[in-house]
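Have a look at the structure below before the remarks.
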Amino acid sequence: FCVADYTAPTNPAGYSCKNPENVTINDFVFSGLNVPNGNNTNSIFKVSFTTVFVAQLPGLNGQGLSLARLVNEVGAVLPIHTHPGASETLLVLEGNLTVGFISTNNTVFLKPLNPGDGILFPQGLPHFHVNEGNTPAAAIVHYNSPNPAFQFIDFSLFSSDLAAP
């Protein structure tokens with residue numbers, strides 16, 4: 001393993017490795033997935049994330065995975081977005097989410113999910129989730145990347161300078 005050394009320079013492969021003599025169990029443990037309003041809250045979308053990426057958990061460095069807790073408030077919509085560098089699985093813990101993705105041949109796959117249901121969003125495909133229920137919906141999300149990146153399609157198209165000379 002290569003525990004991230006946040007004090008050393010980064011490189012194209014990610015964080016430099018911490019000296020193995022300085023590695024502790026805390027480099028592999030994250031606490032806080034039980035917190036409803038996580039470390040990334042978006043009041044516009046009414047969605048909060050508790051992300052556990054390599055920036056929050058140094059032991060993820062080089063492991064090719066990460067996770068997050070997602071809470072969609074009542075009426076929340078996480079708009080169409082992609083993760084260019086990761087596939088995603090989502091497992092509903094509480095509430096209900098309507099989820100969907102768009103395949104490369106423009107077929108829409110749509111499904112309501114209940115507690116205990118999960119879905120796979122293939123890497124790079126546009127996907128979304130909506131809470132149409134009467135209670136908040138909580139889910140655990142897994143990515144096959146330590147830093148999956150988010151790209152919101154509508155922001156990329158309509159908030160960019162694409163039409164600029």
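We label chains A, B, ... in the order they appear in the structure tokens, count residues from 1 in each chain, and number ligands from 1 in the order shown.
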
Counting only C-alpha atoms, which residues of region 51-152 of chain A fall within 9 Å of region 7-16 of chain A, and what is the closest atom pair for each with its distance in Å at one decimal, ordered by chain and rising number, as JSON lines?
{"residue": "A:Val54", "atom": "CA", "partner": "A:Tyr15", "partner_atom": "CA", "distance": 8.7}
{"residue": "A:Pro58", "atom": "CA", "partner": "A:Tyr15", "partner_atom": "CA", "distance": 8.9}
{"residue": "A:Asn61", "atom": "CA", "partner": "A:Tyr15", "partner_atom": "CA", "distance": 6.8}
{"residue": "A:Gly62", "atom": "CA", "partner": "A:Gly14", "partner_atom": "CA", "distance": 7.8}

Deliver the residues from the most recent selection as a file, using C-alpha atoms, as a short mmCIF file (atom, residue, chain, number, x, y, z; two decimals), in the first residue's frame.
data_model
loop_
_atom_site.label_atom_id
_atom_site.label_comp_id
_atom_site.auth_asym_id
_atom_site.auth_seq_id
_atom_site.Cartn_x
_atom_site.Cartn_y
_atom_site.Cartn_z
CA VAL A 54 -8.28 9.99 -1.05
CA PRO A 58 -5.05 8.68 2.98
CA ASN A 61 -4.15 6.30 -2.25
CA GLY A 62 -3.48 3.84 -5.06
#

| request: as a PyMOL selection string, list the residues of region 44-111 of chain A assigned to strand (DSSP E) by DSSP on the backbone atoms of this structure. | output: chain A and resi 47-52+66-72+77-82+88-94+97-102+108-111

| request: Mind checking which residues fall within 10 Å of Gln123 (chain A), counting only C-alpha atoms, ignoring those fewer than 4 positions away in the same chain, and posting them as a ChimeraX atom specification? | output: /A:82-88,143-144,148

| message | Which residues are close to Gln63 (chain A), i.e. within 10 Å by only C-alpha atoms, leaving aside same-chain residues fewer than 4 positions away? Reply as number ranges by chain. | response | A: 1-3, 54, 59, 144-146

Could those residues be written to a file, using C-alpha atoms, as a PDB file, in the first residue's frame?
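Below is the file that was written, part20.pdb:
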ATOM      1  CA  PHE A   1       0.000   0.000   0.000  1.00  0.00           C
ATOM      2  CA  CYS A   2       0.942   3.621  -0.468  1.00  0.00           C
ATOM      3  CA  VAL A   3      -0.677   5.858   2.149  1.00  0.00           C
ATOM      4  CA  VAL A  54      -8.276   9.989  -1.055  1.00  0.00           C
ATOM      5  CA  GLY A  59      -5.148   4.858   2.856  1.00  0.00           C
ATOM      6  CA  ASN A 144     -13.864   2.465  -8.562  1.00  0.00           C
ATOM      7  CA  SER A 145     -11.516   5.441  -8.299  1.00  0.00           C
ATOM      8  CA  PRO A 146      -9.964   7.233  -5.324  1.00  0.00           C
TER       9      PRO A 146
END
